[in-house]
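Novice: To start, I am sharing the structure in question, which I have written as structure tokens.
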Amino acid sequence: MNNYIDNLNWRYATKKFDATKKVSKEDFETILEAASLTASSYGLQPYKILVIEDPAIREQLKPFAWGQSQITDATYLIAFVHHTTFNEELIDTHLQDISEIRGIPSEALAGYSDFMKSKLISLSDETKAVWAAKQTYIALGNVLSAAADLKIDTCPMEGFEPAEFNKILGLDAQNLNTSLLVTIGYRAEDDDTQHYKKVRKSKEKLIQYI
């Protein structure tokens, strides 16, 4: 069995972190690089990744994450926050990056620009928000895999109150919404969850060939 599959079998949603054991800055930067390289629809990455370092803010957030200790005990707390609406600027900025990085004249991208705008800009704000939120889950998957490859523990979290997180983090004024959290650190020795056998659907039950 290859190392990638071994690492996925090793990882689990860590319920208790060892607050005394810290992830190195170098390893954390590798995880963030994996997140930044994540695929997204049209490559637009309609979200931000907030690294919440301030212990006081993390304590303030904790009650709105059901009091879960991971929020304060893990080395790092990341919030994936997506755009709740957007306009042509999101697309124009991305196309400017394409032009500069690939050396393509901006006028050569006009057709692609018109196509993306025709598909996205006319959507309702609700549909835009749902679409943008979906992209954050792809980034989360990369973070979990990259961390596991480094034998670093994580816990993806949906158990929190987005409205309260948005308020504390000042996101509403920026048209952003908290969709996901992930805590990153090292498991505590007395986290019993690490000893549970992994339960997943078998490939035969999960995958269907048509």
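The chains in the structure tokens are called A, B, ... from first to last as shown; in each chain the residues are counted from 1, and the ligands are counted from 1 in the order shown.
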Contacts between range 21-45 of chain A and range 106-142 of chain A, please, where a residue of range 106-142 of chain A counts if it comes within 12 Å (with only C-alpha atoms); show its shortest atom pair and distance in Å to one decimal, rows by chain and ascending number, as CSV.
Specialist:
```
residue,atom,partner,partner_atom,distance
A:Tyr112,CA,A:Tyr42,CA,10.0
A:Ser113,CA,A:Tyr42,CA,10.5
A:Phe115,CA,A:Tyr42,CA,10.6
A:Met116,CA,A:Tyr42,CA,7.8
A:Lys117,CA,A:Tyr42,CA,10.9
A:Lys119,CA,A:Tyr42,CA,10.7
A:Leu120,CA,A:Tyr42,CA,10.4
A:Trp131,CA,A:Ser41,CA,8.9
A:Ala132,CA,A:Gln45,CA,7.9
A:Ala133,CA,A:Gln45,CA,10.1
A:Lys134,CA,A:Ser40,CA,9.2
A:Gln135,CA,A:Ser40,CA,5.9
A:Thr136,CA,A:Gln45,CA,8.1
A:Tyr137,CA,A:Ser40,CA,9.8
A:Ile138,CA,A:Thr38,CA,6.9
A:Ala139,CA,A:Ala35,CA,5.4
A:Leu140,CA,A:Ala35,CA,7.3
A:Gly141,CA,A:Ala35,CA,8.6
A:Asn142,CA,A:Ala35,CA,5.8
```
Novice: Within 6 Å of range 53-69 of chain A, counting only C-alpha atoms, which residues qualify if same-chain residues fewer than 2 places away don't, as a list in words?
Specialist: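 So, after excluding close chain neighbours, the residues are Ile71, Thr72, Asp73, Gly159, Phe160 and Glu161 of chain A.
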Novice: Store the residues picked out above, limited to C-alpha atoms, as a PDB file, in the first residue's frame.
Specialist:
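Written output follows (out_31.pdb):
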```
ATOM      1  CA  ILE A  71     -10.458  25.709  19.004  1.00  0.00           C
ATOM      2  CA  THR A  72      -7.969  26.791  21.665  1.00  0.00           C
ATOM      3  CA  ASP A  73      -5.677  23.777  22.126  1.00  0.00           C
ATOM      4  CA  GLY A 159     -20.008  22.391  14.478  1.00  0.00           C
ATOM      5  CA  PHE A 160     -20.075  26.131  15.067  1.00  0.00           C
ATOM      6  CA  GLU A 161     -22.358  29.153  14.678  1.00  0.00           C
TER       7      GLU A 161
END
```
Novice: Contacts of Leu77 in chain A at 7 Å or less, counting only C-alpha atoms, minus same-chain residues fewer than 4 places along, as a ChimeraX atom specification?
Specialist: /A:51-52,71,182-184
Novice: Within 8 Å of Leu90 in chain A, counting only C-alpha atoms, which residues qualify if same-chain residues fewer than 3 places away don't, as a JSON list (two decimals) with N, CA and C atoms, in the first residue's frame?
Specialist:
```
[["chain", "number", "residue", "atom", "x", "y", "z"],
["A", 44, "LEU", "N", -11.14, 30.49, -9.72],
["A", 44, "LEU", "CA", -11.42, 31.79, -9.11],
["A", 44, "LEU", "C", -11.17, 31.84, -7.60],
["A", 46, "PRO", "N", -13.08, 31.69, -4.76],
["A", 46, "PRO", "CA", -13.91, 32.77, -4.22],
["A", 46, "PRO", "C", -14.03, 32.72, -2.69],
["A", 86, "PHE", "N", -20.53, 38.61, -5.22],
["A", 86, "PHE", "CA", -19.35, 39.12, -5.92],
["A", 86, "PHE", "C", -19.81, 39.76, -7.22],
["A", 87, "ASN", "N", -18.91, 40.53, -7.81],
["A", 87, "ASN", "CA", -19.21, 41.17, -9.08],
["A", 87, "ASN", "C", -18.09, 40.86, -10.07],
["A", 93, "THR", "N", -9.91, 40.34, -11.84],
["A", 93, "THR", "CA", -8.65, 40.18, -11.10],
["A", 93, "THR", "C", -7.97, 38.87, -11.46],
["A", 94, "HIS", "N", -8.76, 37.80, -11.56],
["A", 94, "HIS", "CA", -8.21, 36.49, -11.91],
["A", 94, "HIS", "C", -7.62, 36.51, -13.33]]
```
Novice: Choose the residue, out of A:Gly185, A:Asn177, A:Gly103, A:Val143, that has the smallest atom-to-atom separation from Glu164 in chain A; count only C-alpha atoms.
Specialist: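 For Glu164 in chain A, the nearest of the given residues is A:Asn177.
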Novice: Just the strand (DSSP E) stuff from range 27-63 of chain A, please, per backbone DSSP, written as an NGL selection string.
Specialist: :A and (47-52)
Novice: What is the distance between CA of Gln174 in chain A and CA of His82 in chain A, in Å to one decimal?
Specialist: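 Going from CA of Gln174 in chain A over to CA of His82 in chain A, I get 10.1 Å.
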Novice: So how far away is CA of Trp10 in chain A from CA of Ala148 in chain A, in Å?
Specialist: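 Interatomic distance, CA of Ala148 in chain A to CA of Trp10 in chain A: 7.5 Å.
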Novice: Mind pulling up the distance from CA of Lys15 in chain A to CA of Cys155 in chain A?
Specialist: 7.1 Å
Novice: Between A:Pro105, A:Ile78, A:Thr84, A:Asp153, which is the closest to Asp191 in chain A once you count only C-alpha atoms?
Specialist: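 Smallest distance to Asp191 in chain A is found for A:Asp153.
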Novice: For Leu109 in chain A, which residue out of A:Leu50, A:Ile91, A:Ile121, A:Leu150 is the nearest one, using only C-alpha atoms?
Specialist: A:Ile91
